[in-house]
$ cat coords-v1.cif   # mmCIF, C-alpha atoms and all ligand atoms
data_my_file
loop_
_atom_site.label_atom_id
_atom_site.label_comp_id
_atom_site.auth_asym_id
_atom_site.auth_seq_id
_atom_site.Cartn_x
_atom_site.Cartn_y
_atom_site.Cartn_z
CA MET A 1 -10.13 -14.28 31.82
CA LEU A 2 -12.23 -11.13 31.52
CA ASP A 3 -15.11 -13.03 33.14
CA VAL A 4 -12.94 -13.70 36.17
CA VAL A 5 -11.87 -10.07 36.32
CA ASN A 6 -15.49 -8.98 36.03
CA GLU A 7 -16.67 -11.39 38.73
CA ASP A 8 -14.06 -9.92 41.03
CA LEU A 9 -15.13 -6.42 40.12
CA ILE A 10 -18.78 -7.23 40.77
CA ARG A 11 -17.90 -8.80 44.10
CA GLU A 12 -16.08 -5.63 45.04
CA GLY A 13 -19.18 -3.67 44.06
CA LYS A 14 -17.50 -2.09 41.02
CA GLU A 15 -18.70 -1.72 37.44
CA PRO A 16 -17.65 -4.72 35.29
CA ILE A 17 -15.77 -4.17 32.02
CA ALA A 18 -18.06 -4.23 29.00
CA PHE A 19 -16.83 -6.43 26.14
CA ASP A 20 -18.38 -8.16 23.15
CA HIS A 21 -18.63 -11.93 22.86
CA ASP A 22 -21.12 -14.52 21.74
CA CYS A 23 -20.20 -17.98 20.50
CA ARG A 24 -16.90 -18.26 22.32
CA GLU A 25 -15.76 -20.86 19.83
CA GLY A 26 -14.16 -18.63 17.23
CA ILE A 27 -16.91 -18.62 14.61
CA CYS A 28 -19.21 -15.66 15.20
CA GLY A 29 -16.80 -12.73 15.02
CA MET A 30 -18.35 -10.94 17.97
CA CYS A 31 -15.33 -10.83 20.27
CA SER A 32 -13.04 -7.93 19.57
CA ALA A 33 -10.07 -6.72 21.54
CA VAL A 34 -6.55 -5.67 20.80
CA ILE A 35 -4.23 -7.67 23.02
CA ASN A 36 -0.71 -6.30 23.48
CA GLY A 37 -0.98 -4.20 20.35
CA VAL A 38 -2.40 -6.82 17.97
CA PRO A 39 -6.11 -7.40 17.25
CA HIS A 40 -7.05 -10.84 18.62
CA GLY A 41 -3.59 -11.09 20.16
CA GLY A 42 -1.52 -12.08 17.16
CA PHE A 43 -1.64 -15.86 17.39
CA GLU A 44 -2.29 -17.50 14.06
CA ARG A 45 -5.97 -17.89 13.16
CA THR A 46 -7.13 -17.21 16.70
CA THR A 47 -9.98 -15.03 17.88
CA VAL A 48 -9.84 -13.40 21.29
CA CYS A 49 -12.34 -15.89 22.68
CA GLN A 50 -10.05 -18.72 21.61
CA LEU A 51 -6.96 -17.05 22.99
CA HIS A 52 -6.44 -18.99 26.19
CA MET A 53 -4.49 -17.87 29.18
CA ARG A 54 -2.11 -20.78 28.70
CA LYS A 55 -0.57 -18.76 25.88
CA PHE A 56 0.81 -16.36 28.46
CA LYS A 57 3.25 -16.76 31.28
CA ASP A 58 2.48 -16.12 34.91
CA GLY A 59 3.10 -12.47 35.70
CA ASP A 60 2.83 -11.27 32.08
CA THR A 61 1.30 -7.84 31.56
CA LEU A 62 -1.67 -7.69 29.19
CA TYR A 63 -2.72 -4.52 27.40
CA ILE A 64 -6.33 -4.89 26.33
CA GLU A 65 -7.78 -2.19 24.08
CA PRO A 66 -10.87 -1.86 21.91
CA TRP A 67 -10.75 -1.74 18.09
CA ARG A 68 -9.65 1.79 17.27
CA ALA A 69 -10.80 3.32 13.98
CA ARG A 70 -12.94 6.28 13.01
CA ALA A 71 -15.45 3.94 11.39
CA PHE A 72 -15.86 2.00 14.66
CA PRO A 73 -17.00 4.43 17.37
CA ILE A 74 -16.39 3.12 20.87
CA LEU A 75 -19.65 2.47 22.70
CA ARG A 76 -18.21 1.51 26.02
CA ASP A 77 -14.99 0.00 27.36
CA LEU A 78 -14.08 -2.69 24.82
CA VAL A 79 -17.34 -2.52 22.89
CA VAL A 80 -17.30 -0.73 19.52
CA ASP A 81 -20.05 -0.12 17.01
CA ARG A 82 -19.26 -2.16 13.90
CA GLY A 83 -22.47 -1.13 12.15
CA THR A 84 -20.42 0.32 9.30
CA LEU A 85 -19.54 -3.23 8.24
CA ASP A 86 -23.27 -3.87 7.88
CA ARG A 87 -23.57 -0.73 5.78
CA LEU A 88 -20.89 -2.07 3.48
CA ILE A 89 -22.85 -5.30 3.07
CA GLN A 90 -26.04 -3.34 2.45
CA ALA A 91 -24.24 -1.44 -0.30
CA GLY A 92 -23.66 -4.54 -2.37
CA GLY A 93 -22.66 -7.61 -0.40
CA TYR A 94 -25.69 -9.61 -1.49
CA ILE A 95 -27.34 -11.11 -4.56
CA SER A 96 -30.78 -10.14 -5.78
CA CYS A 97 -32.96 -13.15 -6.48
CA HIS A 98 -36.47 -14.44 -6.03
CA THR A 99 -37.00 -16.22 -2.79
CA GLY A 100 -39.02 -19.37 -2.83
CA GLY A 101 -38.28 -23.04 -2.88
CA VAL A 102 -34.74 -24.22 -2.34
CA PRO A 103 -33.10 -24.63 -5.77
CA ASP A 104 -31.89 -28.04 -6.79
CA GLY A 105 -28.38 -28.65 -5.47
CA ASN A 106 -26.68 -29.39 -8.77
CA ALA A 107 -28.79 -27.20 -11.05
CA LEU A 108 -26.03 -24.61 -11.29
CA PRO A 109 -22.69 -26.13 -12.21
CA ILE A 110 -19.80 -24.54 -10.28
CA SER A 111 -16.21 -25.59 -10.77
CA LYS A 112 -14.37 -27.09 -7.84
CA GLY A 113 -11.70 -24.38 -8.10
CA GLY A 114 -14.28 -21.62 -8.10
CA ALA A 115 -16.17 -23.14 -5.19
CA ASP A 116 -12.96 -23.45 -3.13
CA TYR A 117 -11.93 -19.91 -3.94
CA ALA A 118 -15.34 -18.53 -2.97
CA MET A 119 -15.30 -20.59 0.22
CA ASP A 120 -11.88 -19.22 1.22
CA ALA A 121 -13.24 -15.69 0.86
CA ALA A 122 -16.55 -16.51 2.52
CA GLN A 123 -14.78 -17.60 5.69
CA CYS A 124 -14.84 -14.00 6.92
CA ILE A 125 -16.66 -13.79 10.24
CA GLY A 126 -16.93 -10.00 10.07
CA CYS A 127 -15.08 -9.31 13.31
CA GLY A 128 -13.39 -6.17 11.95
CA ALA A 129 -9.86 -7.07 13.10
CA CYS A 130 -8.62 -6.12 9.62
CA VAL A 131 -9.84 -2.57 10.09
CA ALA A 132 -8.50 -2.44 13.64
CA ALA A 133 -5.05 -3.57 12.52
CA CYS A 134 -4.84 -1.42 9.39
CA PRO A 135 -2.78 1.73 9.98
CA ASN A 136 -5.15 3.41 7.51
CA GLY A 137 -8.37 2.08 9.04
CA ALA A 138 -9.27 0.55 5.67
CA ALA A 139 -11.84 -2.18 5.14
CA MET A 140 -10.34 -3.52 1.94
CA LEU A 141 -9.89 -7.09 3.15
CA PHE A 142 -13.49 -7.28 4.35
CA VAL A 143 -14.87 -5.83 1.12
CA GLY A 144 -12.35 -7.70 -1.01
CA ALA A 145 -13.40 -11.02 0.49
CA LYS A 146 -17.06 -10.26 -0.15
CA VAL A 147 -16.54 -9.00 -3.69
CA ALA A 148 -14.27 -11.92 -4.59
CA HIS A 149 -16.58 -14.50 -3.06
CA LEU A 150 -19.59 -13.30 -5.04
CA ALA A 151 -17.70 -12.48 -8.25
CA VAL A 152 -16.61 -16.05 -8.88
CA LEU A 153 -20.03 -17.60 -8.37
CA PRO A 154 -22.67 -17.53 -11.12
CA GLN A 155 -25.30 -16.12 -8.77
CA GLY A 156 -23.06 -13.18 -7.93
CA GLN A 157 -21.63 -12.47 -11.33
CA VAL A 158 -24.75 -10.71 -12.62
CA GLU A 159 -24.35 -7.78 -10.27
CA ALA A 160 -20.56 -7.91 -9.91
CA PRO A 161 -19.74 -4.54 -11.57
CA GLU A 162 -22.36 -2.59 -9.62
CA ARG A 163 -21.47 -4.38 -6.40
CA VAL A 164 -17.80 -3.51 -6.47
CA ALA A 165 -18.45 0.14 -7.34
CA GLU A 166 -21.12 0.56 -4.68
CA MET A 167 -19.07 -1.11 -1.98
CA ILE A 168 -15.99 1.03 -2.69
CA GLN A 169 -18.17 4.14 -2.52
CA ALA A 170 -19.68 2.92 0.75
CA MET A 171 -16.19 2.45 2.26
CA ARG A 172 -15.56 6.11 1.68
CA ASP A 173 -18.96 7.16 3.01
CA CYS A 174 -18.50 5.10 6.16
CA GLY A 175 -15.15 6.72 6.96
CA PHE A 176 -12.80 3.86 6.17
CA GLY A 177 -9.33 4.69 4.84
CA ASN A 178 -7.41 3.76 1.72
CA CYS A 179 -5.32 0.60 1.45
CA SER A 180 -1.58 1.16 1.23
CA ASN A 181 -0.56 -2.49 1.01
CA HIS A 182 0.81 -3.05 4.50
CA TYR A 183 -1.01 -6.41 4.74
CA GLU A 184 -1.52 -6.11 8.49
CA CYS A 185 -5.13 -7.16 7.86
CA GLU A 186 -4.10 -10.55 6.52
CA ALA A 187 -1.67 -11.02 9.40
CA VAL A 188 -4.33 -10.58 12.09
CA CYS A 189 -7.31 -12.20 10.34
CA PRO A 190 -8.50 -15.05 12.55
CA LYS A 191 -9.69 -16.84 9.41
CA GLY A 192 -6.46 -16.30 7.48
CA ILE A 193 -8.14 -14.46 4.60
CA SER A 194 -5.54 -13.59 1.99
CA VAL A 195 -4.81 -10.15 0.56
CA LYS A 196 -5.12 -11.78 -2.85
CA PHE A 197 -8.81 -10.89 -2.46
CA ILE A 198 -7.84 -7.22 -2.29
CA ALA A 199 -6.04 -7.61 -5.61
CA LYS A 200 -9.18 -9.31 -6.89
CA LEU A 201 -11.29 -6.38 -5.65
CA ASN A 202 -9.05 -3.93 -7.50
CA ARG A 203 -9.11 -6.11 -10.58
CA GLU A 204 -12.91 -6.41 -10.50
CA PHE A 205 -13.31 -2.67 -10.16
CA LEU A 206 -10.86 -1.77 -12.92
CA LYS A 207 -12.48 -4.36 -15.15
CA ALA A 208 -15.90 -2.86 -14.55
CA LEU A 209 -14.50 0.59 -15.17
CA ILE A 210 -12.71 -0.30 -18.40
CA LEU A 211 -15.73 -2.15 -19.75
CA ALA A 212 -17.86 0.82 -18.61
CA LYS A 213 -20.22 -1.70 -17.12
CA THR A 214 -21.00 0.12 -14.00
CA GLY A 215 -21.98 3.33 -12.41
CA PRO A 216 -18.76 4.72 -10.95
CA PHE A 217 -19.27 7.46 -13.53
CA LYS A 218 -22.73 8.21 -12.30
CA SER A 219 -22.98 10.20 -9.11
CA SER A 220 -23.86 8.36 -5.94
CA ASP A 221 -26.91 10.42 -4.95
CA MET B 1 -15.19 14.40 -10.87
CA GLN B 2 -16.92 11.81 -8.75
CA ILE B 3 -14.61 9.22 -10.20
CA LEU B 4 -11.52 10.85 -8.70
CA MET B 5 -12.96 10.37 -5.22
CA ASN B 6 -12.85 6.63 -5.71
CA SER B 7 -10.14 5.02 -3.62
CA VAL B 8 -9.18 2.39 -6.19
CA VAL B 9 -9.11 4.96 -9.02
CA ARG B 10 -6.81 7.18 -6.99
CA LYS B 11 -4.50 4.35 -6.12
CA THR B 12 -4.45 3.20 -9.73
CA LEU B 13 -3.44 6.71 -10.78
CA MET B 14 -0.66 6.56 -8.20
CA SER B 15 0.43 3.25 -9.72
CA LEU B 16 0.32 4.39 -13.33
CA THR B 17 2.21 7.60 -12.65
CA GLY B 18 4.63 5.51 -10.58
CA ILE B 19 5.19 3.25 -13.58
CA ALA B 20 5.88 6.29 -15.79
CA MET B 21 8.50 7.57 -13.37
CA LEU B 22 9.92 4.08 -12.98
CA ALA B 23 10.35 3.94 -16.75
CA PHE B 24 12.22 7.22 -16.61
CA THR B 25 14.36 5.96 -13.73
CA THR B 26 15.29 2.94 -15.83
CA VAL B 27 16.15 4.94 -18.97
CA HIS B 28 18.13 7.39 -16.86
CA LEU B 29 20.08 4.47 -15.39
CA LEU B 30 20.81 3.10 -18.86
CA GLY B 31 22.01 6.54 -19.97
CA ASN B 32 24.24 6.69 -16.89
CA THR B 33 26.09 3.54 -17.87
CA LEU B 34 27.64 5.49 -20.77
CA VAL B 35 29.75 7.32 -18.23
CA PHE B 36 31.89 4.19 -17.84
CA ASN B 37 33.03 4.55 -21.46
CA GLY B 38 34.68 7.87 -20.74
CA PRO B 39 33.73 11.39 -21.81
CA ASP B 40 33.03 10.85 -25.48
CA ASP B 41 29.96 8.63 -25.33
CA ILE B 42 28.05 10.36 -22.58
CA ASN B 43 28.73 13.85 -23.95
CA ALA B 44 27.54 12.69 -27.38
CA TYR B 45 24.46 11.12 -25.79
CA SER B 46 23.59 14.32 -23.97
CA ALA B 47 24.14 16.44 -27.08
CA GLY B 48 22.12 13.91 -29.11
CA LEU B 49 19.10 14.18 -26.80
CA HIS B 50 18.95 17.86 -27.59
CA TYR B 51 18.68 17.11 -31.32
CA LEU B 52 15.18 15.77 -30.57
CA PRO B 53 13.60 18.78 -28.88
CA THR B 54 9.99 17.77 -29.51
CA LEU B 55 10.46 14.32 -28.06
CA LEU B 56 12.53 15.69 -25.20
CA TRP B 57 9.88 18.23 -24.25
CA ALA B 58 7.02 15.77 -24.67
CA VAL B 59 8.75 13.40 -22.24
CA ARG B 60 9.58 16.21 -19.83
CA ILE B 61 6.01 17.52 -19.78
CA GLY B 62 4.60 14.01 -19.47
CA LEU B 63 6.89 13.24 -16.54
CA ALA B 64 6.15 16.53 -14.82
CA GLY B 65 2.44 15.76 -15.15
CA ALA B 66 2.91 12.26 -13.77
CA LEU B 67 4.92 13.64 -10.88
CA ALA B 68 2.27 16.22 -10.08
CA VAL B 69 -0.53 13.62 -10.09
CA HIS B 70 1.57 11.23 -8.01
CA ILE B 71 2.31 13.89 -5.40
CA PHE B 72 -1.23 15.24 -5.34
CA PHE B 73 -2.93 11.89 -4.75
CA GLY B 74 -0.11 10.70 -2.50
CA LEU B 75 -0.73 13.65 -0.20
CA MET B 76 -4.52 13.33 -0.40
CA LEU B 77 -4.52 9.63 0.40
CA THR B 78 -2.03 10.02 3.23
CA LEU B 79 -3.90 12.91 4.83
CA GLU B 80 -7.18 11.01 4.51
CA ASN B 81 -5.63 7.92 6.04
CA TRP B 82 -4.25 9.85 8.99
CA ARG B 83 -7.75 11.00 9.82
CA THR B 84 -9.17 7.47 9.94
CA LYS B 85 -7.40 6.72 13.21
CA PRO B 86 -8.32 9.54 15.57
CA HIS B 87 -7.28 7.50 18.61
CA LYS B 88 -3.95 5.77 18.73
CA TYR B 89 -3.39 2.42 20.37
CA ALA B 90 -1.52 2.61 23.66
CA VAL B 91 0.46 -0.41 22.51
CA LYS B 92 0.77 -1.33 18.83
CA ARG B 93 2.74 -4.20 17.38
CA MET B 94 2.98 -4.61 13.62
CA LEU B 95 3.16 -8.11 12.22
CA LYS B 96 3.72 -7.56 8.52
CA ALA B 97 3.98 -3.85 7.75
CA SER B 98 7.48 -2.85 6.70
CA PHE B 99 9.49 0.25 7.53
CA ALA B 100 9.50 1.10 3.81
CA GLY B 101 5.71 0.83 3.64
CA GLU B 102 5.09 2.96 6.69
CA THR B 103 7.41 5.75 5.57
CA MET B 104 6.20 6.08 1.96
CA ILE B 105 5.09 9.68 2.36
CA TRP B 106 8.42 10.71 3.93
CA THR B 107 10.66 8.83 1.50
CA GLY B 108 8.51 10.28 -1.27
CA LEU B 109 8.89 13.86 -0.06
CA LEU B 110 12.63 13.41 0.53
CA THR B 111 13.00 12.03 -2.98
CA LEU B 112 11.18 15.10 -4.26
CA ALA B 113 13.61 17.32 -2.37
CA PHE B 114 16.49 15.37 -3.87
CA LEU B 115 14.97 15.71 -7.34
CA VAL B 116 14.84 19.49 -6.97
CA PHE B 117 18.47 19.57 -5.89
CA HIS B 118 19.52 17.17 -8.65
CA LEU B 119 17.87 19.35 -11.31
CA LEU B 120 19.49 22.49 -9.90
CA HIS B 121 22.79 20.65 -9.79
CA PHE B 122 23.07 18.84 -13.13
CA SER B 123 20.28 20.34 -15.29
CA PHE B 124 20.16 24.02 -14.41
CA ARG B 125 23.74 23.85 -13.09
CA LEU B 126 23.13 26.49 -10.48
CA VAL B 127 25.22 24.77 -7.83
CA PRO B 128 28.54 26.64 -7.72
CA GLY B 129 31.46 24.92 -9.41
CA SER B 130 29.38 22.55 -11.54
CA VAL B 131 29.96 24.09 -14.96
CA PRO B 132 33.10 22.69 -16.64
CA ALA B 133 34.75 23.89 -19.83
CA PRO B 134 33.33 22.41 -23.09
CA ASP B 135 34.96 19.19 -24.25
CA PHE B 136 37.31 18.97 -27.23
CA GLN B 137 34.39 18.92 -29.69
CA GLY B 138 32.78 21.95 -28.12
CA ARG B 139 29.97 19.89 -26.54
CA PHE B 140 28.84 20.32 -22.97
CA ASP B 141 31.18 18.17 -20.88
CA ILE B 142 28.80 16.05 -18.83
CA PHE B 143 31.55 13.62 -17.96
CA SER B 144 33.79 16.17 -16.26
CA MET B 145 30.84 17.77 -14.53
CA VAL B 146 29.80 14.46 -12.98
CA ARG B 147 33.33 13.40 -12.12
CA ASP B 148 34.29 16.73 -10.57
CA SER B 149 31.05 16.97 -8.58
CA PHE B 150 31.34 13.49 -7.14
CA ARG B 151 34.94 14.08 -6.10
CA SER B 152 33.41 16.10 -3.29
CA GLY B 153 32.74 13.74 -0.39
CA PRO B 154 29.60 15.48 0.92
CA ILE B 155 28.00 15.60 -2.55
CA SER B 156 28.68 11.91 -3.15
CA LEU B 157 27.43 10.98 0.28
CA GLY B 158 24.30 13.07 -0.27
CA TYR B 159 23.60 11.28 -3.55
CA LEU B 160 24.13 7.88 -1.94
CA VAL B 161 21.75 8.69 0.90
CA ALA B 162 19.18 9.99 -1.59
CA MET B 163 19.46 6.79 -3.61
CA ALA B 164 18.97 4.71 -0.46
CA ILE B 165 15.80 6.69 0.29
CA LEU B 166 14.58 6.23 -3.27
CA ALA B 167 15.29 2.50 -3.05
CA LEU B 168 13.23 2.30 0.14
CA HIS B 169 10.35 4.05 -1.62
CA LEU B 170 10.59 1.73 -4.62
CA SER B 171 10.85 -1.47 -2.60
CA HIS B 172 7.34 -0.88 -1.25
CA GLY B 173 6.07 0.98 -4.30
CA ILE B 174 6.88 -1.60 -6.95
CA GLN B 175 5.16 -4.47 -5.19
CA GLY B 176 2.26 -2.15 -4.35
CA ILE B 177 1.75 -1.27 -8.01
CA LEU B 178 1.09 -4.87 -8.97
CA GLN B 179 -1.27 -5.42 -6.04
CA THR B 180 -3.16 -2.18 -6.71
CA VAL B 181 -3.77 -2.80 -10.38
CA GLY B 182 -4.90 -6.31 -9.49
CA LEU B 183 -2.01 -8.24 -11.03
CA ASN B 184 -1.34 -10.35 -7.98
CA ASN B 185 -2.52 -13.57 -6.42
CA GLU B 186 -1.41 -16.04 -3.79
CA MET B 187 1.13 -17.69 -6.07
CA SER B 188 2.71 -14.48 -7.34
CA MET B 189 2.76 -12.70 -3.96
CA PRO B 190 6.21 -13.85 -2.78
CA TRP B 191 7.65 -13.05 -6.21
CA VAL B 192 6.02 -9.66 -6.29
CA ARG B 193 7.67 -8.89 -2.95
CA ARG B 194 11.03 -10.09 -4.19
CA LEU B 195 10.62 -8.07 -7.36
CA GLY B 196 10.04 -4.93 -5.28
CA LYS B 197 13.06 -5.48 -3.06
CA GLY B 198 15.29 -6.79 -5.85
CA SER B 199 14.64 -3.95 -8.25
CA ALA B 200 15.05 -1.40 -5.46
CA LEU B 201 18.47 -2.88 -4.72
CA PHE B 202 19.27 -2.91 -8.44
CA PHE B 203 18.51 0.80 -8.75
CA PHE B 204 20.48 1.60 -5.62
CA VAL B 205 23.57 -0.23 -6.83
CA GLY B 206 23.18 1.02 -10.41
CA TYR B 207 23.02 4.65 -9.39
CA GLY B 208 25.28 4.44 -6.35
CA VAL B 209 28.19 2.89 -8.17
CA ILE B 210 29.05 6.12 -10.04
CA PRO B 211 29.83 8.31 -7.01
CA LEU B 212 31.59 5.37 -5.37
CA LEU B 213 33.84 4.75 -8.37
CA VAL B 214 34.58 8.46 -8.72
CA LEU B 215 35.56 8.66 -5.06
CA ALA B 216 37.71 5.56 -5.47
CA GLY B 217 39.24 7.14 -8.60
CA VAL B 218 39.29 3.92 -10.58
CA GLY B 219 39.06 3.26 -14.35
CA VAL B 220 37.90 6.18 -16.44
CA PHE B 221 37.63 8.31 -13.33
CA ALA B 222 41.34 8.04 -12.51
CA GLY B 223 43.50 11.14 -12.74
S1 LIG A 301 -17.07 -14.89 20.60
FE1 LIG A 301 -17.60 -15.75 18.68
S2 LIG A 301 -15.72 -15.58 17.64
FE2 LIG A 301 -15.14 -14.96 19.60
#
$ encode --input "coords-v1.cif" --output "structure tokens"
Amino acid sequence: MLDVVNEDLIREGKEPIAFDHDCREGICGMCSAVINGVPHGGFERTTVCQLHMRKFKDGDTLYIEPWRARAFPILRDLVVDRGTLDRLIQAGGYISCHTGGVPDGNALPISKGGADYAMDAAQCIGCGACVAACPNGAAMLFVGAKVAHLAVLPQGQVEAPERVAEMIQAMRDCGFGNCSNHYECEAVCPKGISVKFIAKLNREFLKALILAKTGPFKSSD
Amino acid sequence: MQILMNSVVRKTLMSLTGIAMLAFTTVHLLGNTLVFNGPDDINAYSAGLHYLPTLLWAVRIGLAGALAVHIFFGLMLTLENWRTKPHKYAVKRMLKASFAGETMIWTGLLTLAFLVFHLLHFSFRLVPGSVPAPDFQGRFDIFSMVRDSFRSGPISLGYLVAMAILALHLSHGIQGILQTVGLNNEMSMPWVRRLGKGSALFFFVGYGVIPLLVLAGVGVFAG
């Protein structure tokens, strides 16, 4: 739809509207717009690029806005800078290991339940709709999904305490807010990621804190 | 004090202090039920509490501390959160957020205002007309004080409104506690929500029934 609008604008010699998109099949997380007050439009498990005009009636009014949050500065029109999500990942959303040959597929036994749980969390496409929808501009669902995904897998467990502490610190440094359990994030997530991962994030952090396994006591400099 | 800057630590402190005050709210409600037995039991209960001054003061100081921490971090978190959205959406539609959840800071502050009034009213007894004559055993007559106060329509209505506000605060707060301390998953989520709403309703009815019965003048409150 925006393409059509832009083609018309270009034909009229006007500036087209800048917006983010890439795969256009709902898997990359690049597209980002708030449609009629809901990030991605509010249809279940649908990204903006998969939100087709047939969902609307002829003559409907559409309000299209960019993600709005302090942590996502607007670059232009509907394009925002989601680099802070990358900074969260850099803070701990990875595992440290030697690169090299591909390890044998079944060398590390992982339970079916654990694998499914990790997969549910790993579905995140990093679009940032959770932050855009959150009245507090919090990134808890994004971080929760990452922490939970890595904390249940043997490769991620080694660094789990440090990861959760570093990522929570990074949320603050990047200007994200504090969760107050509205669950708007879950409601708009195009991948249907559950807020149970936020509970898991809290649980992981408190566990690390109680077992004094991590550096939340040490300063972050 | 790096640790107190941590979002999850702050929210956990909110939860723990919330639990402490919730425990008090429950004990207070249990104490209240004595009023239905007439003057003797509740006056004896009140006099009895004062036989345990050390315990009484330990609980009071503990609760005041919990309240202070709860208010302090509640304000900090709310003010921080307000700053994370410098630009408002022209159109915003909420899918899941509840009225109770969005008004936590206001229901919290109103409950604080009520608490101050309630203490002035029934603890410090500075509200005119709230000090009755001692009962037949020379104890402070809590029963008559409560009954006579709630015979005033505006006072009763004020208490009912305050309890409705408190219930709103608790309906979001109780389910939030479990989520924040990590005691929640997909299976428990619907039950956690019901627990929040159900216990809020329970507190509202439990506390609200006293002014209502006094106004209706039934049972021990007759005459
Ligand atoms: S453009 Fe890739 S998810 Fe929408």
$ residues_around --input "coords-v1.cif" --residues "segment 180-192 of chain B" --least-positions-apart "5" --cutoff "7 Å" --atoms "only C-alpha atoms" --output "list in words"
Lys196, Ala199, Lys200, Asn202 and Arg203 of chain A; Lys11, Thr12 and Gln175 of chain B
$ atom_distance --input "coords-v1.cif" --atom1 "atom CA of Arg11 of chain A" --atom2 "atom CA of Ile64 of chain A"
21.6 Å
$ interface_residues --input "coords-v1.cif" --of "chain A" --to "chain B" --cutoff "7 Å" --atoms "all atoms listed in the file" --output "list in words"
Asn36, Gly37, Val38, Arg68, Ala69, Arg70, Asn136, Gly137, Gln169, Gly175, Phe176, Gly177, Asn178, Asn181, His182, Tyr183, Glu184, Ala187, Lys196, Ala199, Lys200, Asn202, Arg203, Pro216, Phe217 and Ser219 of chain A
$ atom_distance --input "coords-v1.cif" --atom1 "atom FE2 of ligand LIG 301 (chain A)" --atom2 "atom CA of Lys57 of chain A"
21.9 Å
$ axis_aligned_box --input "coords-v1.cif" --around "segment 50-54 of chain A" --padding-each-side "3 Å" --output "JSON"
{"center_x": -6.1, "center_y": -18.9, "center_z": 25.4, "size_x": 13.9, "size_y": 9.7, "size_z": 13.6}
$ closest_residue --input "coords-v1.cif" --among "A:Lys112, A:Lys191, A:His149, A:Lys14" --to "ligand LIG 301 (chain A)" --atoms "only C-alpha atoms and all ligand atoms"
A:Lys191
$ atom_distance --input "coords-v1.cif" --atom1 "atom CA of Ile174 of chain B" --atom2 "atom CA of Val195 of chain A"
16.3 Å
$ residues_near_ligand --input "coords-v1.cif" --ligand "ligand LIG 301 (chain A)" --cutoff "9 Å" --atoms "all atoms listed in the file" --output "PyMOL selection string"
chain A and resi 20-32+46-50+125+127+190
$ residues_around --input "coords-v1.cif" --residues "segment 23-30 of chain B" --least-positions-apart "2" --cutoff "10 Å" --atoms "only C-alpha atoms" --output "ChimeraX atom specification"
/B:17-21,32-35,59-60,63,203,206-207
$ write_last_selection --input "coords-v1.cif" --atoms "C-alpha atoms" --output "PDB file, in the frame of the given file"
ATOM      1  CA  THR B  17       2.210   7.600 -12.650  1.00  0.00           C
ATOM      2  CA  GLY B  18       4.630   5.510 -10.580  1.00  0.00           C
ATOM      3  CA  ILE B  19       5.190   3.250 -13.580  1.00  0.00           C
ATOM      4  CA  ALA B  20       5.880   6.290 -15.790  1.00  0.00           C
ATOM      5  CA  MET B  21       8.500   7.570 -13.370  1.00  0.00           C
ATOM      6  CA  ASN B  32      24.240   6.690 -16.890  1.00  0.00           C
ATOM      7  CA  THR B  33      26.090   3.540 -17.870  1.00  0.00           C
ATOM      8  CA  LEU B  34      27.640   5.490 -20.770  1.00  0.00           C
ATOM      9  CA  VAL B  35      29.750   7.320 -18.230  1.00  0.00           C
ATOM     10  CA  VAL B  59       8.750  13.400 -22.240  1.00  0.00           C
ATOM     11  CA  ARG B  60       9.580  16.210 -19.830  1.00  0.00           C
ATOM     12  CA  LEU B  63       6.890  13.240 -16.540  1.00  0.00           C
ATOM     13  CA  PHE B 203      18.510   0.800  -8.750  1.00  0.00           C
ATOM     14  CA  GLY B 206      23.180   1.020 -10.410  1.00  0.00           C
ATOM     15  CA  TYR B 207      23.020   4.650  -9.390  1.00  0.00           C
TER      16      TYR B 207
END
$ residues_around --input "coords-v1.cif" --residues "Leu141 of chain A" --least-positions-apart "4" --cutoff "10 Å" --atoms "all atoms listed in the file" --output "PyMOL selection string"
chain A and resi 121+124+128-131+134+145-147+179+183-186+189+193-199+201
$ residues_near_point --input "coords-v1.cif" --point "(33.7, 9.4, 2.6)" --cutoff "12 Å" --atoms "all atoms listed in the file" --output "PyMOL selection string"
chain B and resi 150-160+211-216
$ closest_residue --input "coords-v1.cif" --among "B:Ile210, B:Val161, B:Val146, B:Ala113" --to "Gly129 of chain B" --atoms "all atoms listed in the file"
B:Val146
$ residues_near_point --input "coords-v1.cif" --point "(32.1, 5.7, -20.8)" --cutoff "12 Å" --atoms "only C-alpha atoms" --output "list in words"
Leu30, Gly31, Asn32, Thr33, Leu34, Val35, Phe36, Asn37, Gly38, Pro39, Asp40, Asp41, Ile42, Asn43, Ala44, Tyr45, Ile142, Phe143, Ser144, Val146, Arg147, Ile210, Gly219, Val220 and Phe221 of chain B
$ decode --input "coords-v1.cif" --residues "segment 167-171 of chain A" --atoms "N, CA and C atoms" --output "short mmCIF file (atom, residue, chain, number, x, y, z; two decimals), in the first residue's frame"
data_model
loop_
_atom_site.label_atom_id
_atom_site.label_comp_id
_atom_site.auth_asym_id
_atom_site.auth_seq_id
_atom_site.Cartn_x
_atom_site.Cartn_y
_atom_site.Cartn_z
N MET A 167 22.61 -7.78 30.53
CA MET A 167 21.54 -7.32 29.64
C MET A 167 20.57 -6.39 30.36
N ILE A 168 20.32 -6.65 31.64
CA ILE A 168 19.43 -5.75 32.39
C ILE A 168 20.10 -4.39 32.55
N GLN A 169 21.41 -4.41 32.81
CA GLN A 169 22.14 -3.14 32.92
C GLN A 169 22.09 -2.38 31.58
N ALA A 170 22.25 -3.14 30.49
CA ALA A 170 22.26 -2.50 29.16
C ALA A 170 20.90 -1.87 28.85
N MET A 171 19.81 -2.50 29.32
CA MET A 171 18.48 -1.92 29.08
C MET A 171 18.40 -0.53 29.66
#
